[in-house]
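Listing of protein.txt, compact mmCIF, C-alpha atoms (C1' of nucleotides)
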```txt
# COMPACT_ATOMS: atom_id res chain seq x y z
CA MET A 181 4.32 49.58 45.30
CA PRO A 182 6.58 48.44 48.14
CA LEU A 183 10.23 49.34 48.32
CA PRO A 184 12.16 46.59 46.57
CA GLN A 185 15.50 46.06 48.36
CA THR A 186 15.07 47.71 51.73
CA GLU A 187 12.61 47.35 54.53
CA MET A 188 10.32 50.23 55.36
CA PRO A 189 11.57 52.97 57.64
CA GLY A 190 10.36 52.45 61.18
CA ARG A 191 10.50 48.74 60.70
CA LEU A 192 12.85 48.05 63.59
CA GLN A 193 10.46 49.72 66.00
CA ALA A 194 7.59 47.72 64.52
CA HIS A 195 9.56 44.51 65.09
CA PHE A 196 9.97 45.41 68.74
CA ALA A 197 6.27 46.07 69.13
CA ASP A 198 5.34 42.81 67.38
CA ARG A 199 7.51 40.76 69.67
CA GLY A 200 6.38 42.52 72.82
CA ILE A 201 9.77 44.05 73.53
CA ARG A 202 9.54 47.07 75.77
CA MET A 203 10.08 50.38 74.00
CA THR A 204 11.99 53.08 75.83
CA GLN A 205 13.07 56.63 74.98
CA GLN A 206 16.65 55.44 74.66
CA ARG A 207 15.85 52.48 72.44
CA ARG A 208 13.72 54.69 70.22
CA ALA A 209 16.68 57.00 69.71
CA ILE A 210 19.09 54.14 69.01
CA LEU A 211 16.71 52.40 66.60
CA ARG A 212 16.04 55.61 64.74
CA VAL A 213 19.77 56.10 64.23
CA MET A 214 20.13 52.53 62.95
CA GLU A 215 17.18 52.98 60.64
CA THR A 216 18.38 56.19 59.07
CA ALA A 217 22.14 55.54 59.00
CA ASN A 218 23.74 56.03 55.63
CA LYS A 219 26.88 54.05 56.47
CA HIS A 220 28.24 51.38 58.78
CA LEU A 221 28.41 52.69 62.33
CA ASP A 222 30.49 51.49 65.23
CA ALA A 223 29.24 51.59 68.79
CA ALA A 224 30.85 54.95 69.55
CA GLN A 225 29.36 56.64 66.49
CA LEU A 226 25.99 55.12 67.24
CA LEU A 227 26.21 56.46 70.78
CA ARG A 228 27.07 59.98 69.64
CA ARG A 229 24.23 60.05 67.12
CA ALA A 230 21.71 58.60 69.54
CA GLN A 231 22.68 61.17 72.15
CA ARG A 232 21.76 63.93 69.71
CA LEU A 233 18.20 62.55 69.81
CA ASP A 234 18.16 61.76 73.52
CA ALA A 235 21.03 63.11 75.57
CA SER A 236 20.47 60.56 78.34
CA VAL A 237 21.53 57.57 76.21
CA ASP A 238 24.45 55.79 77.81
CA ARG A 239 27.22 53.70 76.33
CA SER A 240 26.03 50.51 78.06
CA THR A 241 22.53 50.98 76.73
CA VAL A 242 23.92 51.17 73.22
CA TYR A 243 25.81 47.92 73.73
CA ARG A 244 22.81 46.26 75.35
CA THR A 245 20.53 47.33 72.53
CA LEU A 246 23.00 46.08 69.94
CA GLN A 247 23.00 42.68 71.67
CA LEU A 248 19.23 42.69 71.60
CA LEU A 249 19.14 43.52 67.90
CA LYS A 250 21.68 40.83 67.16
CA ARG A 251 19.78 38.23 69.13
CA HIS A 252 16.67 39.04 67.13
CA GLY A 253 18.58 38.89 63.86
CA LEU A 254 17.75 42.47 62.99
CA ILE A 255 21.29 43.70 62.45
CA ASP A 256 24.55 42.36 61.09
CA GLU A 257 27.87 42.77 62.84
CA LEU A 258 30.89 43.50 60.68
CA ASP A 259 34.62 43.89 61.21
CA LEU A 260 35.37 45.51 57.86
CA MET A 261 38.70 43.72 57.98
CA HIS A 262 39.74 45.72 61.07
CA ILE A 263 40.83 48.58 58.87
CA HIS A 264 40.10 51.06 61.66
CA GLY A 265 40.97 49.21 64.87
CA GLU A 266 39.48 46.24 66.61
CA GLY A 267 35.87 47.33 67.02
CA HIS A 268 32.73 46.26 65.21
CA TYR A 269 30.40 47.91 62.78
CA TYR A 270 26.69 47.45 62.49
CA GLU A 271 24.05 47.72 59.81
CA ARG A 272 20.41 46.74 59.66
CA LYS A 273 19.82 43.44 57.99
CA LEU A 274 18.04 44.01 54.73
CA ASN A 275 16.45 41.50 52.43
CA ARG A 276 19.58 40.51 50.56
CA ASP A 277 22.85 39.55 52.14
CA HIS A 278 25.82 41.29 50.66
CA ILE A 279 29.56 41.05 50.54
CA HIS A 280 31.73 43.76 52.06
CA MET A 281 34.96 44.77 50.37
CA ALA A 282 37.41 46.98 52.22
CA CYS A 283 40.22 48.75 50.41
CA LEU A 284 43.42 48.26 52.37
CA ARG A 285 44.83 51.52 51.03
CA CYS A 286 42.04 54.12 51.00
CA GLY A 287 39.69 52.39 53.43
CA LYS A 288 36.68 52.61 51.13
CA ILE A 289 33.95 50.06 51.82
CA THR A 290 32.06 48.63 48.87
CA GLU A 291 29.03 46.37 49.01
CA PHE A 292 28.18 43.75 46.45
CA VAL A 293 25.15 41.54 46.00
CA SER A 294 25.74 38.30 44.16
CA ASP A 295 23.62 35.34 43.15
CA ILE A 296 26.73 33.21 43.33
CA PHE A 297 26.92 34.08 47.04
CA GLU A 298 23.36 32.85 47.45
CA LYS A 299 24.23 29.69 45.57
CA LEU A 300 27.27 29.16 47.79
CA LYS A 301 25.13 29.40 50.91
CA SER A 302 22.64 26.91 49.50
CA GLN A 303 25.51 24.56 48.76
CA VAL A 304 26.73 24.79 52.37
CA GLU A 305 23.24 24.15 53.73
CA LYS A 306 22.80 21.15 51.47
CA ASP A 307 26.25 19.57 51.27
CA CYS A 308 27.20 20.16 54.90
CA ARG A 309 23.69 19.83 56.27
CA PHE A 310 24.32 23.03 58.21
CA ARG A 311 21.44 25.37 59.05
CA ILE A 312 22.73 28.89 58.37
CA VAL A 313 21.60 31.62 60.72
CA VAL A 314 24.09 34.35 59.89
CA SER A 315 26.88 34.67 57.37
CA ARG A 316 29.60 37.19 56.78
CA LEU A 317 31.86 37.50 53.79
CA GLU A 318 34.49 40.21 54.07
CA ILE A 319 37.18 40.84 51.53
CA GLY A 320 40.28 42.97 51.89
CA GLY A 321 42.23 44.18 48.88
CA TYR A 322 42.62 47.12 46.56
CA CYS A 323 39.79 49.05 44.95
CA THR A 324 39.90 50.10 41.32
CA THR A 325 41.48 53.49 41.89
CA CYS A 326 44.05 52.23 44.41
CA SER A 327 45.11 49.33 42.19
CA LYS A 328 46.81 51.66 39.74
CA MET B 264 55.26 13.04 45.59
CA PRO B 265 54.52 16.40 47.26
CA LEU B 266 51.72 16.82 49.76
CA PRO B 267 48.65 17.92 47.84
CA GLN B 268 46.62 20.28 50.02
CA THR B 269 49.00 21.40 52.72
CA GLU B 270 52.37 23.03 52.70
CA MET B 271 55.33 21.09 54.03
CA PRO B 272 56.04 21.18 57.72
CA GLY B 273 58.73 23.72 58.50
CA ARG B 274 57.52 25.85 55.64
CA LEU B 275 56.89 28.95 57.72
CA GLN B 276 60.50 28.95 58.88
CA ALA B 277 61.63 28.46 55.29
CA HIS B 278 59.56 31.48 54.24
CA PHE B 279 61.29 33.58 56.85
CA ALA B 280 64.71 32.48 55.65
CA ASP B 281 63.81 33.13 51.99
CA ARG B 282 62.73 36.65 52.72
CA GLY B 283 65.68 37.45 54.92
CA ILE B 284 63.61 37.81 58.06
CA ARG B 285 65.64 37.37 61.20
CA MET B 286 65.08 34.10 63.02
CA THR B 287 65.09 34.11 66.79
CA GLN B 288 64.59 31.47 69.49
CA GLN B 289 61.19 32.92 70.26
CA ARG B 290 60.01 33.08 66.68
CA ARG B 291 61.15 29.53 66.13
CA ALA B 292 58.96 28.40 69.03
CA ILE B 293 55.95 30.39 67.83
CA LEU B 294 56.28 29.21 64.24
CA ARG B 295 56.63 25.62 65.31
CA VAL B 296 53.40 25.88 67.28
CA MET B 297 51.60 27.41 64.29
CA GLU B 298 52.97 24.72 62.01
CA THR B 299 51.92 21.79 64.16
CA ALA B 300 48.62 23.14 65.52
CA ASN B 301 45.70 20.81 65.02
CA LYS B 302 43.07 23.51 65.57
CA HIS B 303 42.53 27.26 65.44
CA LEU B 304 44.49 28.96 68.19
CA ASP B 305 43.97 32.34 69.78
CA ALA B 306 46.86 34.50 70.93
CA ALA B 307 46.68 33.26 74.54
CA GLN B 308 46.75 29.59 73.54
CA LEU B 309 49.56 30.26 71.12
CA LEU B 310 51.50 31.97 73.91
CA ARG B 311 51.03 29.07 76.32
CA ARG B 312 52.10 26.49 73.76
CA ALA B 313 55.09 28.51 72.61
CA GLN B 314 56.23 28.95 76.20
CA ARG B 315 56.37 25.18 76.54
CA LEU B 316 59.05 25.22 73.83
CA ASP B 317 60.79 28.37 75.02
CA ALA B 318 59.79 29.68 78.42
CA SER B 319 61.08 33.17 77.63
CA VAL B 320 58.42 33.89 74.99
CA ASP B 321 56.41 36.95 75.92
CA ARG B 322 52.89 37.98 75.07
CA SER B 323 54.04 40.99 73.04
CA THR B 324 56.37 38.83 70.98
CA VAL B 325 53.45 36.57 70.12
CA TYR B 326 51.39 39.55 68.97
CA ARG B 327 54.33 41.03 67.07
CA THR B 328 55.00 37.72 65.35
CA LEU B 329 51.34 37.35 64.43
CA GLN B 330 51.43 40.80 62.84
CA LEU B 331 54.51 39.79 60.91
CA LEU B 332 52.88 36.59 59.69
CA LYS B 333 49.76 38.49 58.67
CA ARG B 334 51.76 41.11 56.80
CA HIS B 335 53.49 38.37 54.86
CA GLY B 336 50.20 36.62 54.11
CA LEU B 337 51.28 33.44 55.85
CA ILE B 338 48.35 33.14 58.24
CA ASP B 339 44.64 33.91 58.25
CA GLU B 340 42.90 35.72 61.05
CA LEU B 341 39.45 34.45 62.04
CA ASP B 342 36.72 35.49 64.43
CA LEU B 343 34.80 32.22 64.34
CA MET B 344 31.66 34.30 64.80
CA HIS B 345 32.86 35.42 68.25
CA ILE B 346 31.52 32.23 69.77
CA HIS B 347 34.11 32.42 72.52
CA GLY B 348 34.59 36.13 73.21
CA GLU B 349 35.98 38.95 71.16
CA GLY B 350 39.45 37.67 70.35
CA HIS B 351 40.89 36.33 67.13
CA TYR B 352 41.98 32.92 65.98
CA TYR B 353 44.79 32.09 63.64
CA GLU B 354 45.65 29.34 61.20
CA ARG B 355 48.35 28.96 58.61
CA LYS B 356 47.24 29.83 55.13
CA LEU B 357 47.17 26.71 53.02
CA ASN B 358 46.74 26.39 49.30
CA ARG B 359 42.97 26.53 49.23
CA ASP B 360 40.83 29.09 50.97
CA HIS B 361 38.03 27.61 52.96
CA ILE B 362 34.81 28.60 54.64
CA HIS B 363 34.44 28.38 58.41
CA MET B 364 31.15 27.28 59.91
CA ALA B 365 30.59 27.72 63.63
CA CYS B 366 27.76 25.93 65.41
CA LEU B 367 26.00 28.40 67.65
CA ARG B 368 24.93 25.63 70.00
CA CYS B 369 27.86 23.20 70.41
CA GLY B 370 30.62 25.51 69.20
CA LYS B 371 31.99 23.03 66.70
CA ILE B 372 33.99 24.57 63.86
CA THR B 373 33.71 22.98 60.44
CA GLU B 374 35.75 23.84 57.38
CA PHE B 375 34.52 23.59 53.83
CA VAL B 376 36.27 24.01 50.50
CA SER B 377 34.07 25.02 47.58
CA ASP B 378 34.61 25.79 43.92
CA ILE B 379 31.62 28.09 44.09
CA PHE B 380 33.55 30.17 46.64
CA GLU B 381 36.41 30.43 44.16
CA LYS B 382 33.98 31.41 41.45
CA LEU B 383 32.47 34.05 43.71
CA LYS B 384 35.88 35.59 44.35
CA SER B 385 36.62 35.65 40.63
CA GLN B 386 33.31 37.38 40.06
CA VAL B 387 34.19 40.06 42.63
CA GLU B 388 37.60 40.63 41.08
CA LYS B 389 36.12 40.92 37.62
CA ASP B 390 32.76 42.65 38.16
CA CYS B 391 33.97 45.04 40.86
CA ARG B 392 37.48 45.38 39.53
CA PHE B 393 38.71 44.77 43.07
CA ARG B 394 42.09 43.12 43.66
CA ILE B 395 41.52 40.60 46.46
CA VAL B 396 44.31 40.17 48.98
CA VAL B 397 42.48 38.36 51.76
CA SER B 398 38.97 37.04 52.15
CA ARG B 399 37.03 35.60 55.02
CA LEU B 400 33.70 33.82 54.89
CA GLU B 401 32.32 32.83 58.26
CA ILE B 402 28.95 31.26 58.82
CA GLY B 403 27.08 30.85 62.08
CA GLY B 404 24.22 28.38 62.45
CA TYR B 405 23.45 24.87 63.57
CA CYS B 406 25.43 21.78 62.70
CA THR B 407 23.74 18.54 61.70
CA THR B 408 23.53 17.06 65.19
CA CYS B 409 22.41 20.28 66.84
CA SER B 410 19.69 20.92 64.23
CA LYS B 411 17.58 18.06 65.52
C1' DT C 216 85.18 39.01 66.41
C1' DT C 217 83.00 43.20 66.19
C1' DT C 218 79.17 45.98 65.03
C1' DT C 219 74.63 47.36 64.72
C1' DA C 220 69.99 47.15 63.25
C1' DA C 221 66.46 44.35 64.66
C1' DA C 222 64.02 41.88 68.21
C1' DT C 223 62.87 41.05 72.96
C1' DG C 224 60.74 41.40 77.88
C1' DC C 225 58.62 44.12 80.82
C1' DG C 226 55.17 47.00 82.57
C1' DA C 227 52.19 50.49 81.71
C1' DC C 228 48.77 51.82 78.68
C1' DT C 229 44.65 52.10 75.39
C1' DC C 230 40.45 50.76 73.72
C1' DA C 231 36.18 48.08 73.16
C1' DT C 232 33.06 45.85 75.74
C1' DT C 233 30.82 43.97 80.04
C1' DC C 234 29.12 43.96 84.69
C1' DG C 235 26.90 44.94 89.32
C1' DC C 236 23.82 47.56 91.41
C1' DA C 237 20.73 51.11 92.91
C1' DA C 238 17.40 54.04 90.73
C1' DC C 239 13.96 54.59 87.20
C1' DT C 240 10.08 53.51 83.99
C1' DA C 241 6.89 51.11 80.59
C1' DC C 242 2.88 49.10 80.54
C1' DG C 243 -0.81 45.39 81.85
C1' DG C 244 -4.25 44.69 85.54
C1' DG C 245 -7.06 46.67 88.88
C1' DC D 195 -6.01 56.62 85.59
C1' DC D 196 -2.87 54.98 88.85
C1' DC D 197 -0.13 51.12 90.73
C1' DG D 198 3.00 47.32 91.03
C1' DT D 199 6.59 45.12 89.22
C1' DA D 200 9.62 43.17 85.96
C1' DG D 201 12.45 45.04 82.72
C1' DT D 202 15.60 48.77 81.69
C1' DT D 203 18.77 52.34 82.62
C1' DG D 204 23.08 55.20 84.09
C1' DC D 205 26.98 55.05 86.41
C1' DG D 206 31.44 53.66 87.49
C1' DA D 207 34.33 49.98 88.06
C1' DA D 208 36.12 45.83 85.93
C1' DT D 209 37.67 42.89 82.22
C1' DG D 210 40.27 41.33 78.34
C1' DA D 211 42.52 41.83 73.98
C1' DG D 212 45.96 44.08 72.01
C1' DT D 213 49.68 47.94 71.75
C1' DC D 214 53.59 50.80 73.06
C1' DG D 215 57.99 52.84 74.91
C1' DC D 216 62.20 51.84 76.38
C1' DA D 217 66.29 49.69 78.19
C1' DT D 218 68.51 45.36 77.15
C1' DT D 219 69.76 41.53 74.31
C1' DT D 220 70.80 39.13 70.06
C1' DA D 221 71.18 37.49 65.04
C1' DA D 222 73.86 37.73 61.53
C1' DA D 223 76.55 40.78 58.15
C1' DA D 224 81.10 42.57 57.75
```
The structure given in the file should be rewritten as structure tokens.
Amino acid sequence: MPLPQTEMPGRLQAHFADRGIRMTQQRRAILRVMETANKHLDAAQLLRRAQRLDASVDRSTVYRTLQLLKRHGLIDELDLMHIHGEGHYYERKLNRDHIHMACLRCGKITEFVSDIFEKLKSQVEKDCRFRIVVSRLEIGGYCTTCSK
Amino acid sequence: MPLPQTEMPGRLQAHFADRGIRMTQQRRAILRVMETANKHLDAAQLLRRAQRLDASVDRSTVYRTLQLLKRHGLIDELDLMHIHGEGHYYERKLNRDHIHMACLRCGKITEFVSDIFEKLKSQVEKDCRFRIVVSRLEIGGYCTTCSK
DNA sequence: TTTTAAATGCGACTCATTCGCAACTACGGG
DNA sequence: CCCGTAGTTGCGAATGAGTCGCATTTAAAA
């Protein structure tokens, strides 16, 4: 039985192999971090984690690899409403798009999958005759506990 | 008969007066630019236009005024999928939220108002018990002409 | 007016990201 | 299995957006 919502571990590396993209020590480290990350990482966090697997990984390589992953549609880039500065966050693209909610008070990030979101995207593709490649819905507000 | 979809011109200045926010030469220039802009402006463009009305306007004042406008919920901050660099774009918040579509080939920005989007936000507020303050849906892809 | 808290300009600073280039390396063909 | 080479890397410098501290100016309340 295959995993339902997520791709298999190691899948990013497999993608690279399939498309004939050269695999290096440094990329292996970076991809492994992306594959096993339990939360949204920014470039600096990704760098630190990748360096624990291969100390030679450099900041520019992280940025270059992120560009590569973006170009191939393998990751999503998020702002998380700029709650912690101007940088970006990254996560591997899974099967289902999801909405990101950021609590403006406690900073908690919540994800939410919705059929209505899917319907909305279909409507855009149809009514606007716009071919969607990537979409990002971010919401800022107050989570349940902080609303009180 | 009031204007249906947009706020009245001069409305940003009125908001400032209502809330007892101090009005200065420089803010007047910046607000006027925001009120009359025909497209999404980034901070640098806003600065240049404001300086045409009041040459003394400084970059920091533009950024400080943008922060003020954001804090008061009078403008929306957009990335437009980072089609032109890492900066942000701004537009005055009108009555209806709308989706921004950015063509990855020609760079055209299209706006789209959708009831389904409203329904989606209601769903998030209800199902996630999340109090929405600000939301941003940006879509990257190919517009009708560039799809061919 | 006078007073004063708020706002400004200026320049220096931070921070995320990009770039140029010489050195290194993955990997297909011999 | 090694070689050649195009692709990749590390390094350090550069860029660009946005922020900050501080002395000066100013809006507007008294």
Chain A residues within 10 Å of chain D, counting all atoms listed in the file: which ones, as a list in words?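 Listing them in order of chain and number gives Ile201, Arg202, Met203, Thr204, Gln206, Arg207, Ser236, Val237, Asp238, Arg239, Ser240, Thr241, Arg244 and Glu266 of chain A.
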Produce a table with one row for each residue of chain B that has an atom at most 7 Å from any atom of chain A, each row naming the nearest atom pair and its distance in Å at one decimal; use only C-alpha atoms; arrange rows by chain and rising residue number; format as a Markdown table.
```
| residue | atom | partner | partner_atom | distance |
| --- | --- | --- | --- | --- |
| B:Ile379 | CA | A:Leu300 | CA | 5.8 |
| B:Phe380 | CA | A:Leu300 | CA | 6.5 |
| B:Leu383 | CA | A:Ile296 | CA | 5.8 |
| B:Arg392 | CA | A:Thr324 | CA | 5.6 |
| B:Phe393 | CA | A:Cys323 | CA | 4.8 |
| B:Arg394 | CA | A:Tyr322 | CA | 5.0 |
| B:Ile395 | CA | A:Gly321 | CA | 4.4 |
| B:Val396 | CA | A:Gly321 | CA | 4.5 |
| B:Val397 | CA | A:Gly320 | CA | 5.1 |
| B:Ser398 | CA | A:Ile319 | CA | 4.2 |
| B:Arg399 | CA | A:Glu318 | CA | 5.3 |
| B:Leu400 | CA | A:Leu317 | CA | 4.3 |
| B:Glu401 | CA | A:Arg316 | CA | 5.3 |
| B:Ile402 | CA | A:Ser315 | CA | 4.2 |
| B:Gly403 | CA | A:Val314 | CA | 5.1 |
| B:Gly404 | CA | A:Ile312 | CA | 4.4 |
| B:Tyr405 | CA | A:Arg311 | CA | 5.0 |
| B:Cys406 | CA | A:Phe310 | CA | 4.8 |
| B:Thr407 | CA | A:Arg309 | CA | 5.6 |
```
Would you give me, as a tab-separated table, each residue of chain C having an atom within 9 Å of an atom of chain A, along with its shortest atom pair and that distance in Å to one decimal, using all atoms listed in the file and sorting by chain and residue number?
```
residue	atom	partner	partner_atom	distance
C:DC230	C1'	A:Glu266	CA	8.5
C:DA231	C1'	A:Gly267	CA	6.2
C:DT232	C1'	A:Tyr243	CA	7.8
C:DT233	C1'	A:Ser240	CA	8.3
C:DT240	C1'	A:Thr204	CA	8.4
C:DA241	C1'	A:Arg202	CA	6.8
C:DC242	C1'	A:Arg202	CA	8.4
```
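Relative to CA of His262 (chain A), CA of Leu249 (chain A) is found at 21.8 Å.
Reported to one decimal place, the separation of CA of Arg315 (chain B) from CA of Lys333 (chain B) is 23.2 Å.
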Separation of CA of Thr245 (chain A) from CA of Ala230 (chain A) in Å: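 Calculated distance between CA of Ala230 (chain A) and CA of Thr245 (chain A) is 11.7 Å.
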Find the axis-aligned box for region 193-198 of chain A, covering all its listed atoms and adding 5 Å on each side, and write its centre and edge lengths in Å to one decimal as JSON.
```
{"center_x": 7.9, "center_y": 46.3, "center_z": 66.8, "size_x": 15.1, "size_y": 16.9, "size_z": 14.6}
```
